[in-house]
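Listing of target-v7.txt; format and content: compact mmCIF, C-alpha atoms.
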# COMPACT_ATOMS: atom_id res chain seq x y z
CA MET F 10 45.34 -13.56 1.13
CA SER F 11 44.53 -14.33 4.73
CA GLU F 12 46.81 -11.52 5.81
CA GLU F 13 45.03 -9.07 3.57
CA THR F 14 41.59 -10.20 4.78
CA THR F 15 42.65 -9.72 8.36
CA THR F 16 43.78 -6.22 7.61
CA ILE F 17 40.48 -5.32 5.97
CA GLU F 18 38.50 -6.82 8.82
CA GLN F 19 40.58 -4.91 11.33
CA GLN F 20 40.04 -1.71 9.41
CA THR F 21 36.29 -2.30 9.25
CA GLU F 22 36.29 -2.98 12.98
CA GLU F 23 38.18 0.24 13.63
CA GLN F 24 35.94 2.27 11.36
CA LYS F 25 32.77 1.12 13.08
CA PRO F 26 31.12 4.10 14.77
CA LYS F 27 31.58 4.06 18.52
CA VAL F 28 28.31 5.89 19.15
CA TRP F 29 24.96 5.08 17.61
CA LYS F 30 23.98 7.56 14.93
CA PRO F 31 20.64 7.60 13.11
CA ARG F 32 20.74 7.13 9.37
CA ILE F 33 18.40 9.17 7.20
CA LEU F 34 17.49 8.35 3.62
CA GLY F 35 16.90 11.62 1.78
CA ILE F 36 14.98 11.51 -1.49
CA LEU F 37 15.39 14.89 -3.18
CA CYS F 38 13.89 16.45 -6.25
CA ASN F 39 16.47 17.33 -8.90
CA TRP F 40 15.25 20.84 -9.66
CA CYS F 41 14.78 22.45 -6.25
CA SER F 42 15.82 20.45 -3.23
CA TYR F 43 18.92 18.76 -4.65
CA ALA F 44 20.09 22.18 -5.82
CA GLY F 45 19.26 23.46 -2.32
CA ALA F 46 21.43 20.74 -0.81
CA ASP F 47 24.16 21.65 -3.29
CA LEU F 48 23.92 25.29 -2.23
CA ALA F 49 24.22 24.26 1.42
CA GLY F 50 27.45 22.45 0.48
CA SER F 51 28.94 25.21 -1.66
CA SER F 52 28.03 27.77 1.01
CA ARG F 53 30.04 25.64 3.48
CA LEU F 54 27.04 25.28 5.79
CA GLN F 55 27.45 22.73 8.54
CA TYR F 56 24.84 20.01 8.91
CA PRO F 57 24.92 16.52 10.43
CA PRO F 58 26.42 13.88 8.13
CA ASN F 59 23.59 11.42 8.82
CA VAL F 60 21.76 11.79 5.53
CA ARG F 61 22.26 9.65 2.40
CA ILE F 62 20.78 11.38 -0.61
CA ILE F 63 19.07 9.90 -3.64
CA ARG F 64 18.25 12.33 -6.44
CA VAL F 65 14.96 11.85 -8.28
CA PRO F 66 13.60 13.88 -11.20
CA CYS F 67 10.59 15.10 -9.18
CA SER F 68 9.00 14.51 -5.79
CA GLY F 69 6.13 13.09 -7.89
CA ARG F 70 8.53 10.27 -8.77
CA VAL F 71 8.60 9.15 -5.14
CA ASN F 72 6.67 5.94 -4.80
CA PRO F 73 5.50 5.32 -1.19
CA GLN F 74 7.10 1.91 -1.69
CA TYR F 75 10.56 3.56 -1.54
CA ILE F 76 9.81 4.75 1.96
CA PHE F 77 8.52 1.36 3.11
CA LYS F 78 11.63 -0.25 1.63
CA ALA F 79 13.88 2.14 3.53
CA PHE F 80 12.16 1.27 6.82
CA GLN F 81 12.24 -2.42 6.01
CA ARG F 82 16.00 -2.15 5.48
CA GLY F 83 16.36 -0.41 8.82
CA PHE F 84 16.79 3.29 8.09
CA GLU F 85 15.86 5.29 11.20
CA GLY F 86 14.31 8.07 9.16
CA VAL F 87 13.23 8.96 5.64
CA LEU F 88 13.12 12.45 4.22
CA VAL F 89 11.43 13.59 1.01
CA LEU F 90 12.08 17.11 -0.23
CA GLY F 91 10.49 18.73 -3.27
CA CYS F 92 9.73 22.06 -4.92
CA HIS F 93 7.24 24.38 -3.26
CA PRO F 94 3.64 24.00 -4.51
CA GLY F 95 3.34 25.99 -7.72
CA ASP F 96 7.09 25.72 -8.46
CA CYS F 97 7.23 22.17 -9.83
CA HIS F 98 9.40 21.85 -12.95
CA TYR F 99 6.70 19.55 -14.32
CA ALA F 100 3.91 21.87 -13.12
CA LYS F 101 2.08 19.43 -10.82
CA GLY F 102 4.30 16.52 -9.77
CA ASN F 103 4.64 17.82 -6.22
CA TYR F 104 0.84 18.12 -5.87
CA TYR F 105 0.45 14.41 -6.61
CA ALA F 106 3.35 13.70 -4.24
CA ARG F 107 1.66 15.74 -1.51
CA ARG F 108 -1.50 13.58 -1.61
CA ARG F 109 0.42 10.30 -1.49
CA LEU F 110 2.91 11.36 1.13
CA MET F 111 0.42 13.01 3.48
CA LEU F 112 -1.51 9.76 3.40
CA LEU F 113 1.63 7.72 3.98
CA LYS F 114 2.59 9.83 6.99
CA LYS F 115 -0.82 9.25 8.57
CA PHE F 116 -0.58 5.53 7.85
CA LEU F 117 2.82 4.93 9.48
CA PRO F 118 1.48 4.86 13.09
CA SER F 119 -0.95 2.10 12.05
CA LEU F 120 2.15 0.02 11.36
CA GLY F 121 3.74 1.08 14.62
CA ILE F 122 6.23 3.50 13.07
CA GLU F 123 6.56 6.94 14.68
CA PRO F 124 5.36 9.60 12.20
CA GLU F 125 8.46 11.66 13.08
CA ARG F 126 10.57 9.08 11.28
CA PHE F 127 9.18 10.34 8.01
CA HIS F 128 9.59 14.00 7.11
CA PHE F 129 8.37 15.71 4.01
CA GLU F 130 8.91 19.35 3.18
CA TRP F 131 9.40 21.88 0.40
CA VAL F 132 12.93 23.19 -0.15
CA SER F 133 13.75 25.45 -3.09
CA ALA F 134 17.08 25.80 -4.90
CA SER F 135 17.84 29.00 -2.97
CA GLU F 136 17.05 27.51 0.44
CA GLY F 137 20.43 26.01 1.32
CA ILE F 138 20.03 27.27 4.89
CA ILE F 139 16.62 25.62 5.23
CA PHE F 140 18.05 22.35 3.89
CA ALA F 141 20.77 22.40 6.55
CA GLU F 142 18.17 23.20 9.23
CA VAL F 143 15.86 20.39 8.11
CA ILE F 144 18.70 17.85 8.35
CA ALA F 145 19.77 19.16 11.76
CA LYS F 146 16.22 19.11 13.15
CA MET F 147 15.46 15.67 11.82
CA THR F 148 18.73 14.22 13.11
CA LYS F 149 17.96 15.65 16.54
CA LYS F 150 14.44 14.18 16.50
CA LEU F 151 15.73 10.75 15.50
CA GLU F 152 18.44 10.81 18.15
CA ASP F 153 15.73 11.52 20.71
CA LEU F 154 13.60 8.65 19.39
CA GLY F 155 16.51 6.24 19.59
CA PRO F 156 17.38 3.24 17.41
CA PHE F 157 14.70 1.77 15.17
CA SER F 158 14.17 -1.88 15.99
CA GLY F 159 12.90 -2.63 12.49
CA VAL F 160 9.66 -3.95 11.10
CA SER F 161 10.19 -7.63 11.86
CA VAL F 162 10.85 -7.85 15.58
CA VAL F 163 8.95 -10.86 16.87
CA GLN F 164 9.16 -11.36 20.63
CA GLY F 165 12.35 -9.42 20.98
CA VAL F 166 14.22 -11.23 18.19
CA THR F 167 15.02 -9.33 15.02
CA GLN F 168 14.79 -11.44 11.89
CA ILE F 169 18.12 -11.68 10.18
CA ASN F 170 18.02 -10.81 6.52
CA THR F 171 20.03 -13.32 4.56
CA ASP F 172 19.85 -11.46 1.29
CA ALA F 173 23.22 -10.73 -0.24
CA GLU F 174 21.91 -7.23 -0.86
CA ASP F 175 21.06 -6.76 2.76
CA GLU F 176 24.53 -7.70 3.88
CA HIS F 177 25.97 -4.90 1.78
CA ARG F 178 24.02 -2.23 3.56
CA MET T 13 -33.61 -11.81 -0.65
CA ASP T 14 -35.62 -14.33 -2.61
CA ILE T 15 -33.47 -16.53 -4.80
CA GLN T 16 -36.22 -16.67 -7.44
CA GLU T 17 -35.93 -12.92 -7.86
CA ILE T 18 -32.18 -13.26 -8.54
CA ARG T 19 -32.76 -16.10 -10.99
CA ASN T 20 -35.43 -14.12 -12.85
CA LYS T 21 -33.15 -11.11 -13.17
CA ALA T 22 -30.32 -13.31 -14.41
CA LYS T 23 -32.63 -14.99 -16.90
CA ARG T 24 -33.90 -11.68 -18.31
CA LEU T 25 -30.35 -10.32 -18.71
CA LEU T 26 -29.21 -13.46 -20.54
CA GLU T 27 -32.32 -13.80 -22.73
CA SER T 28 -32.20 -10.17 -23.85
CA GLY T 29 -28.55 -10.62 -24.79
CA GLU T 30 -27.63 -7.69 -22.55
CA VAL T 31 -24.96 -9.86 -20.95
CA LYS T 32 -23.09 -12.97 -22.05
CA VAL T 33 -22.53 -14.34 -18.56
CA VAL T 34 -23.97 -13.99 -15.08
CA VAL T 35 -21.50 -14.46 -12.23
CA GLY T 36 -23.19 -15.73 -9.08
CA TYR T 37 -23.00 -18.55 -6.55
CA GLU T 38 -23.86 -22.25 -6.83
CA ARG T 39 -23.68 -25.13 -4.37
CA GLY T 40 -20.07 -26.15 -3.67
CA SER T 41 -18.51 -29.52 -2.90
CA THR T 42 -20.54 -29.81 0.31
CA GLU T 43 -23.85 -28.36 1.54
CA SER T 44 -21.95 -25.91 3.72
CA LYS T 45 -20.06 -24.39 0.81
CA SER T 46 -20.81 -22.30 -2.23
CA THR T 47 -18.63 -21.73 -5.25
CA PRO T 48 -18.67 -19.04 -7.94
CA ALA T 49 -20.99 -19.95 -10.84
CA PHE T 50 -20.64 -18.67 -14.41
CA ILE T 51 -24.08 -18.92 -16.01
CA GLU T 52 -24.07 -18.49 -19.79
CA SER T 53 -27.49 -19.89 -20.71
CA PRO T 54 -30.96 -18.79 -19.45
CA ASP T 55 -31.71 -22.52 -18.93
CA ASP T 56 -29.01 -22.76 -16.26
CA VAL T 57 -30.19 -19.99 -13.93
CA ASP T 58 -31.68 -22.51 -11.50
CA ARG T 59 -28.14 -23.44 -10.50
CA LEU T 60 -27.87 -20.06 -8.78
CA ILE T 61 -28.22 -19.98 -5.00
CA TRP T 62 -28.24 -17.23 -2.38
CA ASP T 63 -27.66 -18.09 1.27
CA ALA T 64 -25.22 -17.61 4.14
CA THR T 65 -22.52 -19.65 2.36
CA CYS T 66 -22.28 -17.04 -0.42
CA VAL T 67 -19.36 -14.91 0.69
CA ASN T 68 -16.92 -14.37 -2.19
CA ASN T 69 -16.52 -10.93 -3.70
CA LEU T 70 -17.35 -11.80 -7.31
CA ALA T 71 -16.16 -8.40 -8.56
CA ALA T 72 -12.74 -10.04 -8.81
CA TYR T 73 -14.04 -11.78 -11.97
CA ALA T 74 -15.44 -8.62 -13.56
CA ILE T 75 -12.47 -7.61 -15.74
CA GLN T 76 -11.87 -11.10 -17.11
CA GLU T 77 -15.55 -11.81 -17.85
CA ALA T 78 -16.32 -8.39 -19.35
CA LYS T 79 -13.75 -9.11 -22.08
CA ASN T 80 -16.07 -11.73 -23.59
CA GLY T 81 -19.07 -9.41 -23.76
CA GLY T 82 -21.41 -8.10 -21.10
CA VAL T 83 -21.26 -9.49 -17.58
CA ALA T 84 -23.78 -9.35 -14.74
CA ILE T 85 -22.44 -9.79 -11.22
CA ILE T 86 -24.31 -10.67 -8.06
CA ALA T 87 -22.93 -8.17 -5.56
CA ARG T 88 -23.35 -7.01 -2.00
CA ASP T 89 -22.82 -3.32 -1.27
CA CYS T 90 -19.05 -3.71 -0.71
CA ASP T 91 -18.71 -5.79 -3.90
CA ALA T 92 -20.64 -3.20 -5.90
CA ARG T 93 -18.19 -0.59 -4.65
CA SER T 94 -15.38 -2.72 -6.13
CA ILE T 95 -17.16 -2.66 -9.49
CA VAL T 96 -17.62 1.12 -9.38
CA MET T 97 -13.94 1.44 -8.47
CA LEU T 98 -12.93 -0.68 -11.50
CA VAL T 99 -14.94 1.62 -13.78
CA GLN T 100 -13.24 4.66 -12.17
CA GLU T 101 -9.85 3.05 -12.77
CA HIS T 102 -10.73 2.44 -16.45
CA GLN T 103 -10.40 -1.29 -15.96
CA LEU T 104 -14.02 -1.93 -16.82
CA ASP T 105 -16.40 -0.40 -19.36
CA LYS T 106 -19.49 0.66 -17.45
CA ASP T 107 -21.72 -0.43 -20.35
CA ALA T 108 -20.27 -3.95 -20.18
CA VAL T 109 -21.26 -4.61 -16.58
CA ARG T 110 -24.58 -5.03 -14.75
CA VAL T 111 -24.99 -5.45 -11.02
CA ILE T 112 -27.60 -7.72 -9.46
CA GLU T 113 -27.78 -6.24 -5.99
CA VAL T 114 -28.14 -8.46 -2.94
CA PRO T 115 -28.30 -7.38 0.70
CA ASP T 116 -25.17 -7.81 2.82
CA GLU T 117 -26.08 -10.53 5.33
CA THR T 118 -22.54 -11.81 5.81
CA GLN T 119 -21.65 -12.92 9.32
CA TRP T 120 -18.32 -11.16 9.77
CA ALA T 121 -15.84 -12.51 12.27
CA ASP T 122 -14.81 -10.04 15.02
CA ASP T 123 -11.84 -7.88 14.06
CA PRO T 124 -8.80 -7.87 16.31
CA ALA T 125 -8.10 -4.35 17.62
CA LEU T 126 -4.75 -2.76 16.83
CA PRO T 127 -2.73 -2.33 20.04
CA GLU T 128 -2.46 1.17 21.50
CA SER T 129 1.29 1.75 21.64
CA LEU T 130 3.40 2.02 18.51
CA GLU T 131 5.87 -0.55 19.77
CA GLU T 132 3.10 -3.08 20.36
CA ARG T 133 1.66 -2.37 16.94
CA ARG T 134 4.98 -3.04 15.28
CA ALA T 135 5.25 -6.29 17.19
CA PHE T 136 1.62 -7.15 16.33
CA TRP T 137 2.24 -6.89 12.60
CA ALA T 138 5.63 -8.61 12.81
CA LYS T 139 3.96 -11.53 14.58
CA GLU T 140 1.15 -11.67 12.01
CA PHE T 141 3.46 -11.40 9.00
CA GLU T 142 5.72 -14.05 10.47
CA LYS T 143 2.85 -16.47 9.72
CA CYS T 144 2.54 -15.41 6.07
CA THR T 145 3.37 -18.22 3.63
CA ARG T 146 3.40 -15.82 0.67
CA CYS T 147 0.65 -17.75 -1.13
CA TYR T 148 -0.75 -14.44 -2.48
CA ALA T 149 -4.35 -15.59 -1.98
CA CYS T 150 -5.13 -12.09 -0.63
CA ARG T 151 -3.88 -10.53 -3.84
CA GLN T 152 -5.67 -13.01 -6.10
CA ALA T 153 -9.01 -12.52 -4.33
CA CYS T 154 -8.77 -8.72 -4.28
CA PRO T 155 -10.70 -6.86 -7.01
CA GLY T 156 -8.34 -3.92 -6.44
CA CYS T 157 -5.29 -6.02 -7.38
CA PHE T 158 -5.67 -5.73 -11.15
CA CYS T 159 -2.05 -5.07 -12.16
CA ASN T 160 -0.81 -7.32 -14.96
CA THR T 161 2.47 -7.78 -13.14
CA CYS T 162 2.49 -7.38 -9.38
CA PHE T 163 5.47 -5.46 -7.97
CA ILE T 164 6.28 -8.48 -5.80
CA ASP T 165 6.73 -10.72 -8.86
CA ARG T 166 9.30 -8.43 -10.42
CA ILE T 167 12.91 -9.57 -10.38
CA VAL T 168 14.35 -6.13 -11.23
CA PRO T 169 13.91 -4.16 -9.09
CA ARG T 170 13.32 -6.78 -6.50
CA TRP T 171 11.21 -5.19 -3.79
CA ALA T 172 11.23 -8.14 -1.41
CA ALA T 173 12.66 -11.65 -1.34
CA LYS T 174 10.38 -14.54 -2.31
CA ARG T 175 10.91 -16.45 0.92
CA ALA T 176 8.50 -16.36 3.84
CA GLY T 177 9.45 -14.30 6.87
CA ALA T 178 8.18 -11.24 8.69
CA SER T 179 10.42 -8.69 7.02
CA ASP T 180 9.70 -9.51 3.37
CA ALA T 181 6.04 -10.28 4.06
CA TRP T 182 5.76 -6.85 5.73
CA MET T 183 7.07 -5.23 2.56
CA PHE T 184 4.53 -7.11 0.46
CA HIS T 185 1.46 -6.52 2.60
CA VAL T 186 2.17 -2.90 3.45
CA THR T 187 2.84 -1.96 -0.16
CA ARG T 188 -0.22 -3.88 -1.34
CA ALA T 189 -2.33 -2.00 1.22
CA MET T 190 -0.96 1.32 0.01
CA HIS T 191 -1.85 0.34 -3.56
CA GLN T 192 -5.45 -0.07 -2.39
CA ALA T 193 -5.69 3.56 -1.24
CA GLY T 194 -9.02 4.86 -2.49
CA ARG T 195 -9.84 1.45 -3.97
CA CYS T 196 -10.83 -0.70 -1.01
CA GLY T 197 -14.56 -1.21 -0.37
CA ASP T 198 -13.84 -3.19 2.82
CA CYS T 199 -15.14 -6.53 1.49
CA ARG T 200 -12.60 -8.33 3.69
CA GLU T 201 -11.88 -11.00 1.07
CA CYS T 202 -8.12 -10.70 1.73
CA SER T 203 -8.54 -11.80 5.34
CA ARG T 204 -11.24 -14.37 4.58
CA VAL T 205 -9.09 -16.23 2.05
CA CYS T 206 -5.92 -16.10 4.18
CA PRO T 207 -5.00 -19.68 5.08
CA VAL T 208 -3.11 -18.59 8.20
CA GLY T 209 -5.62 -16.01 9.44
CA ILE T 210 -3.73 -12.72 9.10
CA PRO T 211 -6.22 -9.83 9.54
CA VAL T 212 -4.70 -8.13 6.50
CA HIS T 213 -7.87 -6.14 5.72
CA LEU T 214 -7.10 -3.91 8.73
CA LEU T 215 -4.27 -2.26 6.79
CA ALA T 216 -6.43 -1.13 3.88
CA ARG T 217 -9.19 -0.15 6.29
CA GLU T 218 -6.80 2.15 8.17
CA ILE T 219 -5.75 3.70 4.86
CA GLU T 220 -9.36 4.25 3.77
CA THR T 221 -10.07 6.02 7.09
CA PHE T 222 -7.20 8.44 6.43
CA VAL T 223 -8.24 8.89 2.78
CA GLY T 224 -11.63 10.01 4.13
CA GLU T 225 -10.10 12.35 6.74
CA LEU T 226 -7.59 13.96 4.39
CA PHE T 227 -9.44 14.11 1.09
CA ASP T 228 -13.11 13.59 2.01
CA TYR T 229 -13.21 10.57 -0.30
CA LYS T 230 -14.81 7.15 -0.06
CA ALA T 231 -13.78 4.35 -2.41
CA GLY T 232 -16.18 3.12 -5.11
CA MET T 233 -19.05 5.56 -4.52
CA ASP T 234 -18.96 7.71 -7.65
CA MET T 235 -18.32 6.24 -11.09
CA ASP T 236 -17.35 9.65 -12.48
CA ALA T 237 -14.97 10.67 -9.69
CA ASP T 238 -11.21 10.63 -10.32
CA PRO T 239 -9.29 8.05 -8.28
CA VAL T 240 -8.21 9.82 -5.10
CA LEU T 241 -4.44 9.61 -5.65
CA GLY T 242 -4.79 10.29 -9.38
CA THR T 243 -5.90 13.85 -8.81
CA PHE T 244 -5.22 16.81 -6.49
CA THR T 245 -6.34 20.29 -5.59
CA PRO T 246 -4.02 23.19 -4.72
CA GLU T 247 -5.86 23.39 -1.37
CA ASP T 248 -4.96 19.83 -0.31
CA PRO T 249 -3.58 19.30 3.22
CA ASP T 250 0.01 20.52 3.22
CA PRO T 251 2.98 19.29 5.31
CA ASN T 252 3.64 22.86 6.46
CA GLU T 253 0.25 23.04 8.14
CA HIS T 254 0.64 19.62 9.68
CA GLY T 255 4.18 19.83 11.01
CA GLY T 256 5.80 18.08 8.00

The structure in this file should be written as structure tokens.
Amino acid sequence: MSEETTTIEQQTEEQKPKVWKPRILGILCNWCSYAGADLAGSSRLQYPPNVRIIRVPCSGRVNPQYIFKAFQRGFEGVLVLGCHPGDCHYAKGNYYARRRLMLLKKFLPSLGIEPERFHFEWVSASEGIIFAEVIAKMTKKLEDLGPFSGVSVVQGVTQINTDAEDEHR
Amino acid sequence: MDIQEIRNKAKRLLESGEVKVVVGYERGSTESKSTPAFIESPDDVDRLIWDATCVNNLAAYAIQEAKNGGVAIIARDCDARSIVMLVQEHQLDKDAVRVIEVPDETQWADDPALPESLEERRAFWAKEFEKCTRCYACRQACPGCFCNTCFIDRIVPRWAAKRAGASDAWMFHVTRAMHQAGRCGDCRECSRVCPVGIPVHLLAREIETFVGELFDYKAGMDMDADPVLGTFTPEDPDPNEHGG
């Protein structure tokens, strides 16, 4: 058993990225933006591999809490993509999302979080190219901003999360 | 304001049967304290007081007391805004509530200013939330916190751990502030009741400023207005005009 553990640990050590790379949480609407991301993939478009995507039924499903949670867990950036205004599958979900998320973006600096760390845009199912561009632009912006020291840095010491969940990040 | 005037109003409301209970202030355990009073009989209105010790936002009792029939609440301007907000949110029947208005003479403590740089701000809040004992007094005192089950008490999904500590407390306070968008009348109860002195009202105040800038809306001013995040217009500020 100990042999096996050693091997896994060694592998993990080897797989650790040598250079710091920002991680983006992407929350994408099922009907437009997720299909747009899919199109980017099937069109073999190149975009930075920094984004982890969660599919939601509608941008109106995005609770501002999700974005706070992502920052609390240490994501360097959060991205929400939805259907263009007027194109929502549920007619008006993205209009409600727009109010909440515009407010959230304005609020982030009050917490000391750069507004650039949160991006919110409309991407339709046919806009695979725009999806790839959005990811590339945001990755570049986050690389320029540098690592995110988290929401709980007190006098230079980051609080260590002891949650089992947190360790599995 | 003359206390006799308040007592007379309370007496009339109770005698006419318009309300079942008047929520006001009475003398607390010492001369320097007041405590919320629930007056159900016209004979008891002399218990009511009005002086500098009367600071609680009594709108927090509105929902609970309105269930037993009409309620009259002694309210400053900010407290009255909470009551209007509860009517807007369909938490309170406007016919079941009366407001006995009193002038706002509260001696507010000076607010700490948020630091200029983003890095300092992040450190400011981390340092404040590090003190949080997660007693939830802020939530209990807040008229805007009317959810039956608070997100923070849920086990699945668990939004933050129960333990104290800057990271989980940040999650709680920031989310709670966001939930107050378009609901906060700036009564500052959350900060006043905080046993460790976190200026938590600054979060909701920041949000209300942006709600005003973006949507030209002020919380608790119009009983017939839709809650600000419960409505939209196609002309709302758009990420494409504001650089995403």

Taking a cut-off of 9 Å and counting only C-alpha atoms, can you build a table that, for each residue of region 152-225 of chain T near region 77-98 of chain F, reports the nearest atom pair and how far apart they are in Å (one decimal), sorted by chain then residue number, as a Markdown table?
| residue | atom | partner | partner_atom | distance |
| --- | --- | --- | --- | --- |
| T:Trp171 | CA | F:Lys78 | CA | 7.3 |
| T:Ala172 | CA | F:Lys78 | CA | 8.5 |
| T:Ser179 | CA | F:Gln81 | CA | 6.6 |
| T:Asp180 | CA | F:Gln81 | CA | 8.0 |
| T:Trp182 | CA | F:Gln81 | CA | 7.9 |
| T:Met183 | CA | F:Phe77 | CA | 6.8 |
| T:Val186 | CA | F:Phe77 | CA | 7.7 |
| T:Thr187 | CA | F:Phe77 | CA | 7.3 |

Query raised in the report: For chain T, which residue out of F:Glu125, F:Glu142, F:Glu136, F:Glu152 is the nearest one, using only C-alpha atoms?
Result: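 Answer, going by the shortest atom-to-atom distance: F:Glu125.
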
Report summary line: The distance between CA of Ile76 (chain F) and CA of Val223 (chain T) is 18.5 Å

Query - Near-Phe158 (chain T) list (10 Å; only C-alpha atoms; drop same-chain fewer than 6 positions) as a list in words - result: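 Listed by chain and then number, they are Ala72, Ile75, Leu98, Glu101, Gln103, Arg151 and Gln152 of chain T.
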
Export of prior selection with C-alpha atoms as an mmCIF file, keeping the file's coordinate frame:
data_model
loop_
_atom_site.group_PDB
_atom_site.id
_atom_site.type_symbol
_atom_site.label_atom_id
_atom_site.label_comp_id
_atom_site.auth_asym_id
_atom_site.auth_seq_id
_atom_site.Cartn_x
_atom_site.Cartn_y
_atom_site.Cartn_z
ATOM 1 C CA ALA T 72 -12.740 -10.040 -8.810
ATOM 2 C CA ILE T 75 -12.470 -7.610 -15.740
ATOM 3 C CA LEU T 98 -12.930 -0.680 -11.500
ATOM 4 C CA GLU T 101 -9.850 3.050 -12.770
ATOM 5 C CA GLN T 103 -10.400 -1.290 -15.960
ATOM 6 C CA ARG T 151 -3.880 -10.530 -3.840
ATOM 7 C CA GLN T 152 -5.670 -13.010 -6.100
#

Using all atoms listed in the file, what table do you get, as a Markdown table, when you list each residue of chain F with an atom no more than 10 Å from chain T, its nearest pair of atoms, and their distance in Å rounded to one decimal, rows by chain then rising number?
| residue | atom | partner | partner_atom | distance |
| --- | --- | --- | --- | --- |
| F:Asn72 | CA | T:Thr187 | CA | 9.9 |
| F:Pro73 | CA | T:Met190 | CA | 7.7 |
| F:Gln74 | CA | T:Thr187 | CA | 6.0 |
| F:Tyr75 | CA | T:Trp171 | CA | 9.1 |
| F:Ile76 | CA | T:Thr187 | CA | 9.9 |
| F:Phe77 | CA | T:Met183 | CA | 6.8 |
| F:Lys78 | CA | T:Met183 | CA | 6.8 |
| F:Phe80 | CA | T:Met183 | CA | 9.3 |
| F:Gln81 | CA | T:Ser179 | CA | 6.6 |
| F:Arg82 | CA | T:Ser179 | CA | 8.7 |
| F:Leu88 | CA | T:Gly256 | CA | 10.0 |
| F:Pro94 | CA | T:Pro246 | CA | 7.7 |
| F:Gly95 | CA | T:Pro246 | CA | 8.4 |
| F:Lys101 | CA | T:Phe244 | CA | 8.9 |
| F:Asn103 | CA | T:Phe244 | CA | 9.9 |
| F:Tyr104 | CA | T:Phe244 | CA | 6.2 |
| F:Tyr105 | CA | T:Phe244 | CA | 6.2 |
| F:Ala106 | CA | T:Leu241 | CA | 8.9 |
| F:Arg107 | CA | T:Asp250 | CA | 6.9 |
| F:Arg108 | CA | T:Leu241 | CA | 6.4 |
| F:Arg109 | CA | T:Leu241 | CA | 6.4 |
| F:Leu110 | CA | T:Pro251 | CA | 9.0 |
| F:Met111 | CA | T:Pro251 | CA | 7.0 |
| F:Leu112 | CA | T:Phe222 | CA | 6.6 |
| F:Leu113 | CA | T:Met190 | CA | 8.0 |
| F:Lys114 | CA | T:Gly256 | CA | 8.9 |
| F:Lys115 | CA | T:Phe222 | CA | 6.8 |
| F:Phe116 | CA | T:Ile219 | CA | 6.2 |
| F:Leu117 | CA | T:Leu130 | CA | 9.5 |
| F:Pro118 | CA | T:Leu130 | CA | 6.4 |
| F:Ser119 | CA | T:Glu218 | CA | 7.0 |
| F:Leu120 | CA | T:Arg134 | CA | 5.7 |
| F:Gly121 | CA | T:Leu130 | CA | 4.0 |
| F:Ile122 | CA | T:Leu130 | CA | 6.3 |
| F:Glu123 | CA | T:Leu130 | CA | 7.0 |
| F:Pro124 | CA | T:Gly256 | CA | 9.5 |
| F:Glu125 | CA | T:Gly256 | CA | 8.6 |
| F:Phe127 | CA | T:Gly256 | CA | 8.4 |
| F:His128 | CA | T:Gly256 | CA | 5.6 |
| F:Phe129 | CA | T:Gly256 | CA | 5.3 |
| F:Glu130 | CA | T:Gly256 | CA | 5.9 |
| F:Trp131 | CA | T:Asn252 | CA | 8.4 |
| F:Ser158 | CA | T:Glu131 | CA | 9.2 |
| F:Gly159 | CA | T:Arg134 | CA | 8.4 |
| F:Val160 | CA | T:Ser179 | CA | 6.3 |
| F:Ser161 | CA | T:Ala138 | CA | 4.8 |
| F:Val162 | CA | T:Ala138 | CA | 6.0 |
| F:Val163 | CA | T:Lys139 | CA | 5.5 |
| F:Gln164 | CA | T:Ala135 | CA | 7.3 |
| F:Gly165 | CA | T:Ala135 | CA | 8.6 |
| F:Thr167 | CA | T:Ser179 | CA | 9.3 |
| F:Gln168 | CA | T:Ser179 | CA | 7.1 |
| F:Ile169 | CA | T:Ser179 | CA | 8.8 |
| F:Asn170 | CA | T:Ser179 | CA | 7.9 |
| F:Thr171 | CA | T:Ala173 | CA | 9.6 |
| F:Asp172 | CA | T:Ala173 | CA | 7.7 |

Which residues are near Asp58 (chain T)? Cut-off 10 Å, all atoms listed in the file, ignore same chain within fewer than 2 positions. Put them as a compact mmCIF listing (two decimals) with C-alpha atoms, keeping the file's coordinate frame.
# COMPACT_ATOMS: atom_id res chain seq x y z
CA ILE T 15 -33.47 -16.53 -4.80
CA GLN T 16 -36.22 -16.67 -7.44
CA ILE T 18 -32.18 -13.26 -8.54
CA ARG T 19 -32.76 -16.10 -10.99
CA ASN T 20 -35.43 -14.12 -12.85
CA ALA T 22 -30.32 -13.31 -14.41
CA LYS T 23 -32.63 -14.99 -16.90
CA GLU T 38 -23.86 -22.25 -6.83
CA ILE T 51 -24.08 -18.92 -16.01
CA PRO T 54 -30.96 -18.79 -19.45
CA ASP T 55 -31.71 -22.52 -18.93
CA ASP T 56 -29.01 -22.76 -16.26
CA LEU T 60 -27.87 -20.06 -8.78
CA ILE T 61 -28.22 -19.98 -5.00

**Report entry** Selection near region 48-64 of chain F, 8 Å with all atoms listed in the file, sequence-local residues under 6 positions removed, as a list of chain:residue names
**Finding:**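 Everything that qualifies: F:Lys30, F:Pro31, F:Arg32, F:Ile33, F:Leu34, F:Gly35, F:Ile36, F:Leu37, F:Cys38, F:Asn39, F:Ala134, F:Ser135, F:Glu136, F:Gly137, F:Ile138, F:Phe140, F:Ala141, F:Glu142, F:Ile144, F:Ala145, F:Thr148.
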
**Report entry** Non-local contacts of region 43-47 of chain T (12 Å; all atoms listed in the file; under 5 positions in same chain excluded) as an MDAnalysis selection string
**Finding:** chainID T and resid 35:38 59:70

**Report entry** Separation of CA of Asn80 (chain T) from CA of Val114 (chain T), in Å and rounded to one decimal
**Finding:**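 CA of Val114 (chain T) lies at a distance of 24.1 Å from CA of Asn80 (chain T).
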